[in-house]
$ cat final14.pdb   # PDB, C-alpha atoms, pLDDT in the B column
ATOM      1  CA  MET A   1       0.000   0.000   0.000  1.00 68.00           C
ATOM      2  CA  ALA A   2       1.032   3.573  -0.423  1.00 66.00           C
ATOM      3  CA  GLY A   3       1.342   5.319   2.930  1.00 66.00           C
ATOM      4  CA  LEU A   4      -0.068   8.696   3.859  1.00 64.00           C
ATOM      5  CA  ARG A   5       3.114  10.396   2.740  1.00 69.00           C
ATOM      6  CA  GLY A   6       3.457   8.491  -0.567  1.00 75.00           C
ATOM      7  CA  GLU A   7       6.002   5.906   0.625  1.00 78.00           C
ATOM      8  CA  LEU A   8       5.414   2.198   0.006  1.00 84.00           C
ATOM      9  CA  GLU A   9       4.476   0.181   3.066  1.00 83.00           C
ATOM     10  CA  ARG A  10       3.329  -3.319   3.810  1.00 87.00           C
ATOM     11  CA  TRP A  11       0.148  -3.269   5.850  1.00 89.00           C
ATOM     12  CA  THR A  12      -0.470  -6.179   8.193  1.00 92.00           C
ATOM     13  CA  PHE A  13      -3.881  -6.790   9.704  1.00 95.00           C
ATOM     14  CA  GLN A  14      -4.409  -8.719  12.923  1.00 96.00           C
ATOM     15  CA  VAL A  15      -7.569 -10.799  13.384  1.00 95.00           C
ATOM     16  CA  LEU A  16      -9.068  -9.892  16.751  1.00 94.00           C
ATOM     17  CA  PRO A  17     -10.965 -12.330  18.999  1.00 90.00           C
ATOM     18  CA  PRO A  18     -14.727 -12.511  18.454  1.00 83.00           C
ATOM     19  CA  GLY A  19     -16.687 -10.005  20.433  1.00 80.00           C
ATOM     20  CA  ALA A  20     -19.701  -7.794  20.305  1.00 78.00           C
ATOM     21  CA  PRO A  21     -19.865  -5.615  17.204  1.00 78.00           C
ATOM     22  CA  PRO A  22     -19.740  -1.846  17.611  1.00 82.00           C
ATOM     23  CA  PRO A  23     -23.116  -0.262  18.442  1.00 79.00           C
ATOM     24  CA  GLU A  24     -23.427   1.063  14.891  1.00 78.00           C
ATOM     25  CA  LEU A  25     -23.537  -2.525  13.545  1.00 77.00           C
ATOM     26  CA  ALA A  26     -25.435  -4.280  16.320  1.00 67.00           C
ATOM     27  CA  PRO A  27     -29.156  -4.584  15.765  1.00 60.00           C
ATOM     28  CA  PRO A  28     -31.157  -4.698  19.004  1.00 54.00           C
ATOM     29  CA  GLY A  29     -30.855  -8.091  20.664  1.00 48.00           C
ATOM     30  CA  ASN A  30     -27.867  -9.195  18.538  1.00 47.00           C
ATOM     31  CA  ASP A  31     -24.798 -10.298  20.497  1.00 46.00           C
ATOM     32  CA  GLY A  32     -22.579 -10.550  17.385  1.00 46.00           C
ATOM     33  CA  ALA A  33     -22.489 -14.340  17.294  1.00 48.00           C
ATOM     34  CA  ALA A  34     -24.079 -16.471  14.625  1.00 48.00           C
ATOM     35  CA  PRO A  35     -26.829 -18.842  15.760  1.00 49.00           C
ATOM     36  CA  GLY A  36     -25.924 -22.415  16.673  1.00 49.00           C
ATOM     37  CA  GLY A  37     -22.424 -21.619  17.942  1.00 46.00           C
ATOM     38  CA  ARG A  38     -21.000 -21.248  14.432  1.00 48.00           C
ATOM     39  CA  ALA A  39     -18.381 -18.681  13.437  1.00 46.00           C
ATOM     40  CA  PRO A  40     -19.039 -15.086  14.520  1.00 53.00           C
ATOM     41  CA  ALA A  41     -21.272 -13.021  12.282  1.00 80.00           C
ATOM     42  CA  LEU A  42     -18.479 -10.451  11.773  1.00 88.00           C
ATOM     43  CA  LEU A  43     -14.716 -10.846  11.460  1.00 92.00           C
ATOM     44  CA  HIS A  44     -12.944  -7.970  13.256  1.00 93.00           C
ATOM     45  CA  VAL A  45      -9.491  -7.031  11.877  1.00 96.00           C
ATOM     46  CA  LEU A  46      -7.087  -4.287  12.943  1.00 95.00           C
ATOM     47  CA  ARG A  47      -4.142  -2.517  11.347  1.00 95.00           C
ATOM     48  CA  ALA A  48      -2.330  -0.809  14.223  1.00 94.00           C
ATOM     49  CA  ALA A  49      -0.593   2.537  13.712  1.00 90.00           C
ATOM     50  CA  GLN A  50       3.151   2.043  13.221  1.00 88.00           C
ATOM     51  CA  ARG A  51       4.155   5.542  14.381  1.00 86.00           C
ATOM     52  CA  PRO A  52       2.396   8.657  15.707  1.00 86.00           C
ATOM     53  CA  TYR A  53      -0.297   9.996  13.374  1.00 84.00           C
ATOM     54  CA  ASP A  54      -0.129   6.904  11.170  1.00 86.00           C
ATOM     55  CA  LEU A  55      -3.430   5.310  10.131  1.00 88.00           C
ATOM     56  CA  ARG A  56      -5.083   2.875  12.520  1.00 93.00           C
ATOM     57  CA  ILE A  57      -7.697   0.860  10.618  1.00 94.00           C
ATOM     58  CA  GLU A  58     -10.424  -1.347  12.068  1.00 94.00           C
ATOM     59  CA  ALA A  59     -12.726  -3.306   9.773  1.00 94.00           C
ATOM     60  CA  TRP A  60     -15.663  -5.582  10.502  1.00 93.00           C
ATOM     61  CA  LEU A  61     -15.921  -8.050   7.604  1.00 93.00           C
ATOM     62  CA  SER A  62     -19.248  -9.760   6.988  1.00 89.00           C
ATOM     63  CA  PRO A  63     -19.448 -13.321   5.619  1.00 89.00           C
ATOM     64  CA  SER A  64     -22.968 -12.541   4.402  1.00 84.00           C
ATOM     65  CA  LEU A  65     -21.473  -9.739   2.249  1.00 86.00           C
ATOM     66  CA  HIS A  66     -18.764 -12.042   0.809  1.00 88.00           C
ATOM     67  CA  HIS A  67     -16.381 -10.686   3.471  1.00 89.00           C
ATOM     68  CA  LEU A  68     -16.719  -7.091   2.354  1.00 90.00           C
ATOM     69  CA  PRO A  69     -16.643  -4.545   5.185  1.00 91.00           C
ATOM     70  CA  ALA A  70     -19.878  -3.942   7.090  1.00 90.00           C
ATOM     71  CA  GLY A  71     -18.015  -1.271   9.038  1.00 92.00           C
ATOM     72  CA  LEU A  72     -14.749   0.602   8.767  1.00 94.00           C
ATOM     73  CA  ARG A  73     -13.087   2.969  11.233  1.00 93.00           C
ATOM     74  CA  MET A  74      -9.912   4.924  10.441  1.00 93.00           C
ATOM     75  CA  SER A  75      -8.076   7.126  12.931  1.00 93.00           C
ATOM     76  CA  THR A  76      -4.674   8.739  13.481  1.00 89.00           C
ATOM     77  CA  PRO A  77      -3.568   8.156  17.084  1.00 89.00           C
ATOM     78  CA  PRO A  78      -2.761  10.130  19.192  1.00 88.00           C
ATOM     79  CA  GLY A  79      -4.684  12.742  17.206  1.00 85.00           C
ATOM     80  CA  SER A  80      -8.426  13.194  17.413  1.00 86.00           C
ATOM     81  CA  TRP A  81      -9.158  12.712  13.687  1.00 87.00           C
ATOM     82  CA  SER A  82     -11.271   9.707  12.751  1.00 89.00           C
ATOM     83  CA  LEU A  83     -13.612   8.554  10.006  1.00 90.00           C
ATOM     84  CA  SER A  84     -16.196   5.791  10.358  1.00 89.00           C
ATOM     85  CA  LEU A  85     -18.211   4.184   7.587  1.00 89.00           C
ATOM     86  CA  TRP A  86     -21.072   1.776   8.351  1.00 87.00           C
ATOM     87  CA  ARG A  87     -23.198  -0.344   6.043  1.00 82.00           C
ATOM     88  CA  ARG A  88     -26.850   0.474   6.432  1.00 73.00           C
ATOM     89  CA  ASP A  89     -29.511  -2.077   5.632  1.00 65.00           C
ATOM     90  CA  PRO A  90     -31.776  -0.466   3.006  1.00 60.00           C
ATOM     91  CA  ARG A  91     -34.771  -2.111   4.710  1.00 59.00           C
ATOM     92  CA  ASP A  92     -34.131  -0.120   7.913  1.00 56.00           C
ATOM     93  CA  PRO A  93     -36.163   3.076   8.324  1.00 51.00           C
TER      94      PRO A  93
END
$ encode --input "final14.pdb" --output "structure tokens"
Amino acid sequence: MAGLRGELERWTFQVLPPGAPPPELAPPGNDGAAPGGRAPALLHVLRAAQRPYDLRIEAWLSPSLHHLPAGLRMSTPPGSWSLSLWRRDPRDP
């Protein structure tokens, strides 16, 4: 990937343990796990910032969307800038 300053970098994502999805992705009554004890409904991955003000990326990948992101959060620690993108179900009001 090309970094924020145009240099080439290799980005490594870490798969995080299953847990509750962020509130933006959790419908009421959903604990984030698939029924029947199968794999979690969302795969949570993280690219940690390598240095100050580098991009920290969190993505929640959805098997039902062919592992495309259902949610994406980008930030630049320790700064306060962040951007979040969430998939919205078109059937929701």
$ atom_distance --input "final14.pdb" --atom1 "CA of Gln14 in chain A" --atom2 "CA of His66 in chain A"
19.1 Å
$ atom_distance --input "final14.pdb" --atom1 "CA of Ala20 in chain A" --atom2 "CA of Pro63 in chain A"
15.7 Å
$ residues_around --input "final14.pdb" --residues "Ser62 in chain A" --least-positions-apart "3" --cutoff "8 Å" --atoms "all atoms listed in the file" --output "list of chain:residue names"
A:Ala41, A:Leu42, A:Leu43, A:Leu65, A:His66, A:His67, A:Leu68, A:Pro69, A:Ala70
$ axis_aligned_box --input "final14.pdb" --around "range 55-68 of chain A" --padding-each-side "5 Å" --output "lines of an AutoDock Vina configuration file"
center_x = -13.2
center_y = -4.0
center_z = 6.7
size_x = 29.5
size_y = 28.6
size_z = 21.7
$ closest_residue --input "final14.pdb" --among "A:Leu61, A:Leu83, A:Leu16, A:Leu25" --to "Arg47 in chain A" --atoms "all atoms listed in the file"
A:Leu16
$ atom_distance --input "final14.pdb" --atom1 "CA of Ser64 in chain A" --atom2 "CA of Ser82 in chain A"
26.5 Å
$ residues_around --input "final14.pdb" --residues "Leu46 in chain A" --least-positions-apart "5" --cutoff "8 Å" --atoms "only C-alpha atoms" --output "ChimeraX atom specification"
/A:13-16,56-59
$ resolve_selection --input "final14.pdb" --expression "the PyMOL selection byres ((chain A and resi 49) around 12)" --output "ChimeraX atom specification"
/A:3-4,11-14,46-48,50-58,74-79
